[in-house]
Amino acid sequence: MILVTGGAGYVGSHLVMALLEKNIDVIVFDSLELGHIETIETLKQYGNLKFIKGNLKNIDDIRGVFMSNKGIEAVVHFAAYSQVAESVKNPQKYYYNNVYGTLNLLNAMLEFDVKKIVFSSTAATYGEPVYTPIDEKHPQNPINPYGMTKLMIERIMDDYDKAYGLKSVRLRYFNVAGADSKARIGEWHEPETHLIPNVLKATSDKSFKMFGTDYDTADGTCVRDYINVEDLAKAHILALDYLNNGGETNYFNLGTKTGNSVKEVFAVCEEVKNSKIPLEIYPRREGDPATLVADNSKAKSMLNWKPVHNLEYSVKTAYEWENAFKNKIAK
């Protein structure tokens, strides 16, 4: 049995689906502040899923999960706030939720002798790239409170391993994209801040805003590494396998080692939609590096993981989910 915190959210729900399809029992612990009960109801159709509503900021909530479910073998921890701009405006919210909430989770795990955790970390722990592609040896110098909370948690996990033997795998995502291949679940943020869904949602009444066309890149727009969400879910399962096979605490980049510019993503979205998307050009936003691309060699060699879905596939599944989602809401 696997405990998934934040399993009603975007990436968490795709991992839950992958676990259920492997006939693994899952407990989802989620406050539903950012996740959705509708996602949980969908997931319940595909396997043995128990949902518990609670908040990691309340240690009694998470202690109660371990107390009433004795078969938890490992934890996959997604629950966090993740908006960079908001973290700059309200760092207190991020440190309290992300760091304090994780400490409560880790302490409850120790109390109930659960010693394996896979943690949803981020490329934001690296900060401004010194070189690219970014490998795991790249300096970690976050430039915003969100990235700093994730780095602090990684450091805490190192200390908890040395002192208590709690083994962790930290997966540092680059840009997550796409949706479930069968359009059962997908990306559902309010408000939506990610590039691909915002391009796809653009209409004649609401054009897409492109920020910055003067970067030092081939076409002048930012280049990012877009990793498919189902490939990402697979990496979490492999990370659990790694820990179950006696793997030591470790950390891995998850990306494709291929960059796509904003203009390239925009063009793929137009191709998938088979229509022109209205566009407005704006000046660059502060703090957006020109290029962020992952070196994924370590995950390939140590987890036996490799991304299989390309950008076109991610955009196609995102668009199919967008249409399915609208139909669900319309009902």
# chains A, B, ... in the order shown; residues from 1 in each chain; ligands from 1
$ residues_around --residues "region 6-19 of chain A" --least-positions-apart "2" --cutoff "9 Å" --atoms "only C-alpha atoms" --output "NGL selection string"
:A and (2-4 or 21-32 or 34-40 or 43 or 46-47 or 49 or 76-80 or 176 or 179-180 or 185-189 or 229-230 or 232-234 or 236-237)
$ residues_around --residues "Tyr282 (chain A)" --least-positions-apart "5" --cutoff "7 Å" --atoms "only C-alpha atoms" --output "number ranges by chain"
A: 209-212
$ write_last_selection --atoms "C-alpha atoms" --output "tab-separated table (two decimals), in the first residue's frame"
chain	number	residue	atom	x	y	z
A	209	LYS	CA	0.20	36.45	-24.15
A	210	MET	CA	3.80	35.67	-25.12
A	211	PHE	CA	6.38	37.28	-22.84
A	212	GLY	CA	9.73	38.11	-24.42
$ select_by_dssp --residues "region 124-180 of chain A" --states "strand (DSSP E or B)" --output "mmCIF file with N, CA and C atoms, in the first residue's frame"
data_model
loop_
_atom_site.group_PDB
_atom_site.id
_atom_site.type_symbol
_atom_site.label_atom_id
_atom_site.label_comp_id
_atom_site.auth_asym_id
_atom_site.auth_seq_id
_atom_site.Cartn_x
_atom_site.Cartn_y
_atom_site.Cartn_z
ATOM 1 N N ILE A 134 21.366 20.879 -17.631
ATOM 2 C CA ILE A 134 21.640 20.889 -16.201
ATOM 3 C C ILE A 134 21.672 19.457 -15.687
ATOM 4 N N LYS A 167 14.990 6.703 4.016
ATOM 5 C CA LYS A 167 15.530 6.772 2.658
ATOM 6 C C LYS A 167 14.592 7.565 1.741
ATOM 7 N N SER A 168 15.179 8.453 0.942
ATOM 8 C CA SER A 168 14.369 9.286 0.049
ATOM 9 C C SER A 168 14.947 9.304 -1.354
ATOM 10 N N VAL A 169 14.056 9.452 -2.317
ATOM 11 C CA VAL A 169 14.436 9.782 -3.691
ATOM 12 C C VAL A 169 13.782 11.115 -4.024
ATOM 13 N N ARG A 170 14.595 12.072 -4.425
ATOM 14 C CA ARG A 170 14.073 13.386 -4.819
ATOM 15 C C ARG A 170 14.090 13.491 -6.340
ATOM 16 N N LEU A 171 12.935 13.721 -6.912
ATOM 17 C CA LEU A 171 12.804 13.822 -8.363
ATOM 18 C C LEU A 171 12.630 15.287 -8.734
ATOM 19 N N ARG A 172 13.614 15.816 -9.437
ATOM 20 C CA ARG A 172 13.611 17.239 -9.800
ATOM 21 C C ARG A 172 13.025 17.390 -11.198
ATOM 22 N N TYR A 173 11.755 17.819 -11.231
ATOM 23 C CA TYR A 173 11.048 17.955 -12.505
ATOM 24 C C TYR A 173 11.501 19.214 -13.238
ATOM 25 N N ASN A 175 9.678 20.993 -16.946
ATOM 26 C CA ASN A 175 8.319 21.476 -17.215
ATOM 27 C C ASN A 175 7.379 20.311 -17.546
ATOM 28 N N VAL A 176 6.416 20.080 -16.685
ATOM 29 C CA VAL A 176 5.495 18.947 -16.869
ATOM 30 C C VAL A 176 4.410 19.324 -17.880
ATOM 31 N N ALA A 177 4.066 18.369 -18.745
ATOM 32 C CA ALA A 177 3.095 18.660 -19.806
ATOM 33 C C ALA A 177 2.249 17.430 -20.099
#
$ residues_around --residues "Met109 (chain A)" --least-positions-apart "4" --cutoff "12 Å" --atoms "only C-alpha atoms" --output "short mmCIF file (atom, residue, chain, number, x, y, z; two decimals) with N, CA and C atoms, in the first residue's frame"
data_model
loop_
_atom_site.label_atom_id
_atom_site.label_comp_id
_atom_site.auth_asym_id
_atom_site.auth_seq_id
_atom_site.Cartn_x
_atom_site.Cartn_y
_atom_site.Cartn_z
N LEU A 3 1.08 5.47 0.21
CA LEU A 3 0.42 6.72 0.58
C LEU A 3 0.90 7.82 -0.35
N ILE A 59 -0.47 17.95 12.29
CA ILE A 59 0.21 16.65 12.41
C ILE A 59 -0.76 15.55 12.84
N ILE A 62 -2.18 13.72 9.71
CA ILE A 62 -1.33 12.74 9.05
C ILE A 62 -1.01 11.57 9.99
N ARG A 63 -0.88 11.82 11.27
CA ARG A 63 -0.69 10.72 12.22
C ARG A 63 -1.86 9.76 12.17
N GLY A 64 -3.06 10.32 12.04
CA GLY A 64 -4.27 9.49 11.97
C GLY A 64 -4.27 8.55 10.78
N VAL A 65 -3.67 8.99 9.66
CA VAL A 65 -3.60 8.14 8.47
C VAL A 65 -2.76 6.90 8.77
N PHE A 66 -1.59 7.10 9.37
CA PHE A 66 -0.72 5.96 9.68
C PHE A 66 -1.31 5.08 10.78
N MET A 67 -2.00 5.72 11.71
CA MET A 67 -2.57 4.98 12.84
C MET A 67 -3.66 4.02 12.37
N LYS A 70 -2.31 0.30 8.68
CA LYS A 70 -1.05 -0.32 9.11
C LYS A 70 -0.19 -0.83 7.96
N ILE A 72 0.97 0.66 5.18
CA ILE A 72 1.67 1.62 4.32
C ILE A 72 3.15 1.26 4.24
N GLU A 73 3.62 1.02 3.02
CA GLU A 73 5.02 0.61 2.80
C GLU A 73 5.91 1.79 2.45
N ALA A 74 5.35 2.78 1.76
CA ALA A 74 6.15 3.92 1.31
C ALA A 74 5.23 5.10 1.05
N VAL A 75 5.83 6.27 0.94
CA VAL A 75 5.08 7.52 0.71
C VAL A 75 5.60 8.18 -0.55
N VAL A 76 4.70 8.73 -1.36
CA VAL A 76 5.10 9.62 -2.45
C VAL A 76 4.47 10.98 -2.13
N HIS A 77 5.32 11.99 -2.02
CA HIS A 77 4.92 13.28 -1.45
C HIS A 77 4.88 14.37 -2.51
N THR A 102 5.91 19.21 5.45
CA THR A 102 6.75 18.05 5.17
C THR A 102 7.39 17.51 6.45
N LEU A 103 7.81 18.39 7.34
CA LEU A 103 8.36 17.94 8.63
C LEU A 103 7.33 17.11 9.40
N ASN A 104 6.10 17.55 9.40
CA ASN A 104 5.04 16.76 10.05
C ASN A 104 4.92 15.38 9.42
N LEU A 105 4.98 15.33 8.08
CA LEU A 105 4.89 14.05 7.38
C LEU A 105 6.06 13.14 7.74
N ASP A 113 7.31 4.01 11.69
CA ASP A 113 8.34 3.15 11.10
C ASP A 113 8.12 2.91 9.60
N VAL A 114 7.80 3.98 8.87
CA VAL A 114 7.75 3.94 7.41
C VAL A 114 8.97 4.72 6.92
N LYS A 115 9.90 4.04 6.27
CA LYS A 115 11.23 4.62 6.05
C LYS A 115 11.58 4.85 4.58
N LYS A 116 10.56 4.94 3.70
CA LYS A 116 10.83 5.17 2.28
C LYS A 116 9.90 6.25 1.75
N ILE A 117 10.49 7.26 1.08
CA ILE A 117 9.68 8.35 0.53
C ILE A 117 10.26 8.81 -0.81
N TYR A 160 17.65 13.41 7.81
CA TYR A 160 16.79 12.36 8.35
C TYR A 160 17.30 10.97 7.95
N TYR A 164 18.20 8.88 11.08
CA TYR A 164 17.11 7.94 11.36
C TYR A 164 16.97 6.83 10.31
N GLY A 165 17.76 6.88 9.25
CA GLY A 165 17.67 5.84 8.23
C GLY A 165 16.46 5.96 7.32
N LEU A 166 15.89 7.16 7.23
CA LEU A 166 14.74 7.37 6.34
C LEU A 166 15.26 7.63 4.93
N LYS A 167 14.99 6.70 4.02
CA LYS A 167 15.53 6.77 2.66
C LYS A 167 14.59 7.57 1.74
N SER A 168 15.18 8.45 0.94
CA SER A 168 14.37 9.29 0.05
C SER A 168 14.95 9.30 -1.35
#
$ select_by_dssp --residues "region 130-197 of chain A" --states "helix (DSSP H, G or I)" --output "list in words"
Pro145, Tyr146, Gly147, Met148, Thr149, Lys150, Leu151, Met152, Ile153, Glu154, Arg155, Ile156, Met157, Asp158, Asp159, Tyr160, Asp161, Lys162, Ala163, Tyr164, Leu195, Ile196 and Pro197 of chain A
$ closest_atom_pairs --of "region 78-106 of chain A" --to "region 193-206 of chain A" --cutoff "12 Å" --atoms "only C-alpha atoms" --output "CSV"
residue,atom,partner,partner_atom,distance
A:Ser82,CA,A:Thr193,CA,10.5
A:Gln83,CA,A:Thr193,CA,8.2
A:Val84,CA,A:Thr193,CA,10.1
A:Ala85,CA,A:Thr193,CA,10.3
A:Glu86,CA,A:Thr193,CA,11.4
$ residues_around --residues "region 244-257 of chain A" --least-positions-apart "5" --cutoff "10 Å" --atoms "only C-alpha atoms" --output "mmCIF file with N, CA and C atoms, in the first residue's frame"
data_model
loop_
_atom_site.group_PDB
_atom_site.id
_atom_site.type_symbol
_atom_site.label_atom_id
_atom_site.label_comp_id
_atom_site.auth_asym_id
_atom_site.auth_seq_id
_atom_site.Cartn_x
_atom_site.Cartn_y
_atom_site.Cartn_z
ATOM 1 N N GLU A 73 3.620 1.016 3.016
ATOM 2 C CA GLU A 73 5.018 0.610 2.803
ATOM 3 C C GLU A 73 5.909 1.785 2.449
ATOM 4 N N ALA A 74 5.353 2.780 1.758
ATOM 5 C CA ALA A 74 6.151 3.922 1.311
ATOM 6 C C ALA A 74 5.226 5.099 1.050
ATOM 7 N N LYS A 116 10.559 4.937 3.704
ATOM 8 C CA LYS A 116 10.829 5.166 2.284
ATOM 9 C C LYS A 116 9.899 6.252 1.752
ATOM 10 N N ILE A 117 10.488 7.264 1.082
ATOM 11 C CA ILE A 117 9.680 8.348 0.529
ATOM 12 C C ILE A 117 10.256 8.809 -0.807
ATOM 13 N N VAL A 118 9.367 9.036 -1.772
ATOM 14 C CA VAL A 118 9.719 9.666 -3.043
ATOM 15 C C VAL A 118 9.151 11.073 -3.009
ATOM 16 N N PHE A 119 10.012 12.041 -3.251
ATOM 17 C CA PHE A 119 9.644 13.451 -3.071
ATOM 18 C C PHE A 119 9.611 14.191 -4.400
ATOM 19 N N SER A 121 10.376 17.073 -6.123
ATOM 20 C CA SER A 121 11.206 18.273 -6.057
ATOM 21 C C SER A 121 11.105 19.018 -7.388
ATOM 22 N N THR A 122 12.067 19.859 -7.693
ATOM 23 C CA THR A 122 11.913 20.738 -8.845
ATOM 24 C C THR A 122 13.250 21.248 -9.359
ATOM 25 N N ALA A 123 13.290 21.555 -10.651
ATOM 26 C CA ALA A 123 14.463 22.202 -11.237
ATOM 27 C C ALA A 123 14.659 23.602 -10.678
ATOM 28 N N THR A 132 24.074 24.456 -19.347
ATOM 29 C CA THR A 132 22.932 23.647 -19.759
ATOM 30 C C THR A 132 23.396 22.645 -20.816
ATOM 31 N N PRO A 133 22.881 21.425 -20.885
ATOM 32 C CA PRO A 133 21.862 20.854 -19.999
ATOM 33 C C PRO A 133 22.330 20.796 -18.543
ATOM 34 N N ILE A 134 21.366 20.879 -17.631
ATOM 35 C CA ILE A 134 21.640 20.889 -16.201
ATOM 36 C C ILE A 134 21.672 19.457 -15.687
ATOM 37 N N ASP A 135 22.809 19.061 -15.104
ATOM 38 C CA ASP A 135 22.872 17.756 -14.463
ATOM 39 C C ASP A 135 22.739 17.927 -12.946
ATOM 40 N N GLU A 136 22.778 16.801 -12.231
ATOM 41 C CA GLU A 136 22.542 16.850 -10.783
ATOM 42 C C GLU A 136 23.702 17.469 -10.007
ATOM 43 N N GLU A 154 14.925 18.917 0.676
ATOM 44 C CA GLU A 154 15.966 17.964 0.263
ATOM 45 C C GLU A 154 17.053 17.860 1.334
ATOM 46 N N MET A 157 15.822 15.936 4.299
ATOM 47 C CA MET A 157 15.785 14.501 4.006
ATOM 48 C C MET A 157 17.171 13.867 4.102
ATOM 49 N N ASP A 158 18.205 14.598 3.712
ATOM 50 C CA ASP A 158 19.573 14.095 3.912
ATOM 51 C C ASP A 158 19.845 13.846 5.392
ATOM 52 N N ASP A 161 17.971 10.891 6.808
ATOM 53 C CA ASP A 161 18.584 9.618 6.426
ATOM 54 C C ASP A 161 19.758 9.304 7.363
ATOM 55 N N LYS A 162 20.642 10.286 7.517
ATOM 56 C CA LYS A 162 21.827 10.059 8.362
ATOM 57 C C LYS A 162 21.454 9.726 9.801
ATOM 58 N N GLY A 165 17.763 6.880 9.245
ATOM 59 C CA GLY A 165 17.666 5.842 8.228
ATOM 60 C C GLY A 165 16.458 5.962 7.317
ATOM 61 N N LEU A 166 15.886 7.159 7.230
ATOM 62 C CA LEU A 166 14.736 7.370 6.344
ATOM 63 C C LEU A 166 15.259 7.626 4.931
ATOM 64 N N LYS A 167 14.990 6.703 4.016
ATOM 65 C CA LYS A 167 15.530 6.772 2.658
ATOM 66 C C LYS A 167 14.592 7.565 1.741
ATOM 67 N N SER A 168 15.179 8.453 0.942
ATOM 68 C CA SER A 168 14.369 9.286 0.049
ATOM 69 C C SER A 168 14.947 9.304 -1.354
ATOM 70 N N VAL A 169 14.056 9.452 -2.317
ATOM 71 C CA VAL A 169 14.436 9.782 -3.691
ATOM 72 C C VAL A 169 13.782 11.115 -4.024
ATOM 73 N N ARG A 170 14.595 12.072 -4.425
ATOM 74 C CA ARG A 170 14.073 13.386 -4.819
ATOM 75 C C ARG A 170 14.090 13.491 -6.340
ATOM 76 N N LEU A 171 12.935 13.721 -6.912
ATOM 77 C CA LEU A 171 12.804 13.822 -8.363
ATOM 78 C C LEU A 171 12.630 15.287 -8.734
ATOM 79 N N ARG A 172 13.614 15.816 -9.437
ATOM 80 C CA ARG A 172 13.611 17.239 -9.800
ATOM 81 C C ARG A 172 13.025 17.390 -11.198
ATOM 82 N N TYR A 173 11.755 17.819 -11.231
ATOM 83 C CA TYR A 173 11.048 17.955 -12.505
ATOM 84 C C TYR A 173 11.501 19.214 -13.238
ATOM 85 N N PHE A 174 11.427 19.121 -14.557
ATOM 86 C CA PHE A 174 11.513 20.322 -15.375
ATOM 87 C C PHE A 174 10.057 20.707 -15.722
ATOM 88 N N ASN A 175 9.678 20.993 -16.946
ATOM 89 C CA ASN A 175 8.319 21.476 -17.215
ATOM 90 C C ASN A 175 7.379 20.311 -17.546
ATOM 91 N N VAL A 176 6.416 20.080 -16.685
ATOM 92 C CA VAL A 176 5.495 18.947 -16.869
ATOM 93 C C VAL A 176 4.410 19.324 -17.880
ATOM 94 N N ARG A 224 12.444 25.615 -22.914
ATOM 95 C CA ARG A 224 12.213 24.788 -21.733
ATOM 96 C C ARG A 224 12.145 23.309 -22.124
ATOM 97 N N ASP A 225 12.316 22.469 -21.127
ATOM 98 C CA ASP A 225 12.312 21.014 -21.310
ATOM 99 C C ASP A 225 10.954 20.485 -20.838
ATOM 100 N N TYR A 226 10.119 20.038 -21.782
ATOM 101 C CA TYR A 226 8.750 19.619 -21.465
ATOM 102 C C TYR A 226 8.685 18.101 -21.317
ATOM 103 N N ILE A 227 8.427 17.655 -20.086
ATOM 104 C CA ILE A 227 8.389 16.232 -19.770
ATOM 105 C C ILE A 227 6.938 15.770 -19.632
ATOM 106 N N ASN A 228 6.587 14.724 -20.330
ATOM 107 C CA ASN A 228 5.213 14.231 -20.322
ATOM 108 C C ASN A 228 4.825 13.688 -18.946
ATOM 109 N N ASP A 231 5.097 9.902 -18.466
ATOM 110 C CA ASP A 231 6.507 9.519 -18.301
ATOM 111 C C ASP A 231 6.976 9.842 -16.888
ATOM 112 N N LEU A 232 6.521 10.965 -16.376
ATOM 113 C CA LEU A 232 6.864 11.381 -15.015
ATOM 114 C C LEU A 232 6.323 10.387 -13.987
ATOM 115 N N ALA A 235 8.408 7.375 -13.756
ATOM 116 C CA ALA A 235 9.646 7.598 -13.009
ATOM 117 C C ALA A 235 9.425 7.429 -11.508
ATOM 118 N N LEU A 238 9.367 3.741 -10.744
ATOM 119 C CA LEU A 238 10.736 3.219 -10.777
ATOM 120 C C LEU A 238 11.527 3.661 -9.548
ATOM 121 N N ALA A 239 11.243 4.864 -9.056
ATOM 122 C CA ALA A 239 11.908 5.340 -7.838
ATOM 123 C C ALA A 239 11.474 4.507 -6.627
ATOM 124 N N LEU A 292 16.354 26.362 -20.055
ATOM 125 C CA LEU A 292 16.400 25.386 -18.961
ATOM 126 C C LEU A 292 16.139 24.000 -19.554
ATOM 127 N N VAL A 293 17.170 23.199 -19.639
ATOM 128 C CA VAL A 293 17.058 21.856 -20.200
ATOM 129 C C VAL A 293 17.763 20.874 -19.269
ATOM 130 N N ALA A 294 17.164 19.714 -19.074
ATOM 131 C CA ALA A 294 17.690 18.713 -18.136
ATOM 132 C C ALA A 294 18.684 17.781 -18.813
ATOM 133 N N ASP A 295 19.717 17.424 -18.064
ATOM 134 C CA ASP A 295 20.504 16.245 -18.387
ATOM 135 C C ASP A 295 19.894 15.090 -17.588
ATOM 136 N N ASN A 296 19.296 14.133 -18.280
ATOM 137 C CA ASN A 296 18.561 13.054 -17.602
ATOM 138 C C ASN A 296 19.354 11.744 -17.547
ATOM 139 N N SER A 297 20.669 11.814 -17.788
ATOM 140 C CA SER A 297 21.487 10.596 -17.880
ATOM 141 C C SER A 297 21.441 9.762 -16.604
ATOM 142 N N LYS A 298 21.431 10.423 -15.447
ATOM 143 C CA LYS A 298 21.484 9.701 -14.178
ATOM 144 C C LYS A 298 20.214 8.866 -13.970
ATOM 145 N N ALA A 299 19.052 9.462 -14.262
ATOM 146 C CA ALA A 299 17.790 8.717 -14.122
ATOM 147 C C ALA A 299 17.741 7.550 -15.096
ATOM 148 N N LYS A 300 18.286 7.758 -16.289
ATOM 149 C CA LYS A 300 18.312 6.671 -17.276
ATOM 150 C C LYS A 300 19.158 5.504 -16.790
ATOM 151 N N MET A 302 20.421 4.861 -13.558
ATOM 152 C CA MET A 302 20.194 4.295 -12.226
ATOM 153 C C MET A 302 18.758 3.838 -11.984
ATOM 154 N N LEU A 303 17.789 4.486 -12.622
ATOM 155 C CA LEU A 303 16.386 4.084 -12.457
ATOM 156 C C LEU A 303 15.881 3.270 -13.644
ATOM 157 N N TRP A 305 15.038 4.525 -16.426
ATOM 158 C CA TRP A 305 13.902 5.321 -16.899
ATOM 159 C C TRP A 305 14.277 6.056 -18.172
ATOM 160 N N LYS A 306 13.321 6.181 -19.065
ATOM 161 C CA LYS A 306 13.534 7.059 -20.208
ATOM 162 C C LYS A 306 12.196 7.629 -20.650
ATOM 163 N N PRO A 307 12.180 8.907 -21.034
ATOM 164 C CA PRO A 307 10.938 9.489 -21.533
ATOM 165 C C PRO A 307 10.611 8.935 -22.910
ATOM 166 N N VAL A 308 9.357 8.632 -23.147
ATOM 167 C CA VAL A 308 8.968 8.044 -24.438
ATOM 168 C C VAL A 308 8.035 8.950 -25.245
ATOM 169 N N HIS A 309 7.404 9.934 -24.600
ATOM 170 C CA HIS A 309 6.431 10.781 -25.297
ATOM 171 C C HIS A 309 7.053 12.131 -25.658
ATOM 172 N N ASN A 310 6.811 12.578 -26.886
ATOM 173 C CA ASN A 310 7.363 13.858 -27.330
ATOM 174 C C ASN A 310 6.391 15.007 -27.062
ATOM 175 N N LEU A 311 6.817 16.199 -27.439
ATOM 176 C CA LEU A 311 6.002 17.400 -27.198
ATOM 177 C C LEU A 311 4.652 17.309 -27.894
#
$ closest_residue --among "A:Met148, A:Val223, A:Ala163, A:Ala267" --to "Thr125 (chain A)" --atoms "only C-alpha atoms"
A:Met148
$ residues_around --residues "Tyr94 (chain A)" --least-positions-apart "4" --cutoff "10 Å" --atoms "only C-alpha atoms" --output "compact mmCIF listing (two decimals) with N, CA and C atoms, in the first residue's frame"
# COMPACT_ATOMS: atom_id res chain seq x y z
N ALA A 80 2.06 20.40 -1.98
CA ALA A 80 2.84 21.63 -1.82
C ALA A 80 2.19 22.76 -2.60
N TYR A 81 2.49 23.98 -2.20
CA TYR A 81 2.21 25.13 -3.05
C TYR A 81 3.37 25.26 -4.03
N SER A 82 3.06 25.69 -5.27
CA SER A 82 4.11 25.64 -6.30
C SER A 82 4.14 26.84 -7.25
N GLN A 83 3.48 27.94 -6.90
CA GLN A 83 3.48 29.10 -7.78
C GLN A 83 4.65 30.04 -7.43
N VAL A 84 5.57 30.18 -8.36
CA VAL A 84 6.78 30.97 -8.09
C VAL A 84 6.45 32.41 -7.72
N GLU A 86 3.72 33.79 -6.58
CA GLU A 86 3.05 33.88 -5.28
C GLU A 86 4.03 33.67 -4.14
N SER A 87 5.00 32.79 -4.34
CA SER A 87 5.98 32.53 -3.27
C SER A 87 6.82 33.76 -2.97
N VAL A 88 7.07 34.57 -4.00
CA VAL A 88 7.83 35.82 -3.80
C VAL A 88 6.99 36.83 -3.02
N LYS A 89 5.70 36.90 -3.34
CA LYS A 89 4.80 37.85 -2.66
C LYS A 89 4.44 37.40 -1.25
N ASN A 90 4.36 36.08 -1.04
CA ASN A 90 3.91 35.57 0.26
C ASN A 90 4.78 34.38 0.70
N ASN A 98 4.94 24.23 2.87
CA ASN A 98 5.81 23.24 2.23
C ASN A 98 6.81 22.61 3.20
N VAL A 99 7.47 23.44 4.00
CA VAL A 99 8.53 22.91 4.87
C VAL A 99 7.94 22.33 6.16
N TYR A 100 7.12 23.10 6.84
CA TYR A 100 6.53 22.61 8.09
C TYR A 100 5.63 21.40 7.83
N GLY A 101 4.85 21.46 6.76
CA GLY A 101 3.98 20.32 6.42
C GLY A 101 4.79 19.06 6.15
N PRO A 145 11.39 31.85 -3.19
CA PRO A 145 11.05 31.06 -2.00
C PRO A 145 10.51 29.66 -2.32
N TYR A 146 9.77 29.51 -3.43
CA TYR A 146 9.28 28.17 -3.80
C TYR A 146 10.45 27.21 -3.97
N GLY A 147 11.42 27.58 -4.79
CA GLY A 147 12.59 26.73 -4.99
C GLY A 147 13.35 26.50 -3.71
N MET A 148 13.41 27.53 -2.86
CA MET A 148 14.13 27.40 -1.59
C MET A 148 13.44 26.40 -0.66
N THR A 149 12.10 26.38 -0.65
CA THR A 149 11.40 25.41 0.21
C THR A 149 11.72 23.98 -0.22
N LYS A 150 11.77 23.75 -1.52
CA LYS A 150 12.07 22.41 -2.01
C LYS A 150 13.51 22.01 -1.68
$ closest_residue --among "A:Pro91, A:Pro129, A:Pro283, A:Gly259" --to "Tyr215 (chain A)" --atoms "only C-alpha atoms"
A:Pro283
$ residues_around --residues "Glu320 (chain A)" --least-positions-apart "3" --cutoff "10 Å" --atoms "only C-alpha atoms" --output "list of chain:residue names"
A:Gly178, A:Ala179, A:Asp180, A:Ser181, A:Lys182, A:Ala183, A:Arg184, A:Gly186, A:Val272, A:Lys273, A:Ser314, A:Val315, A:Lys316, A:Thr317, A:Asn323, A:Ala324, A:Phe325
$ atom_distance --atom1 "CA of Lys44 (chain A)" --atom2 "CA of Gly71 (chain A)"
19.0 Å
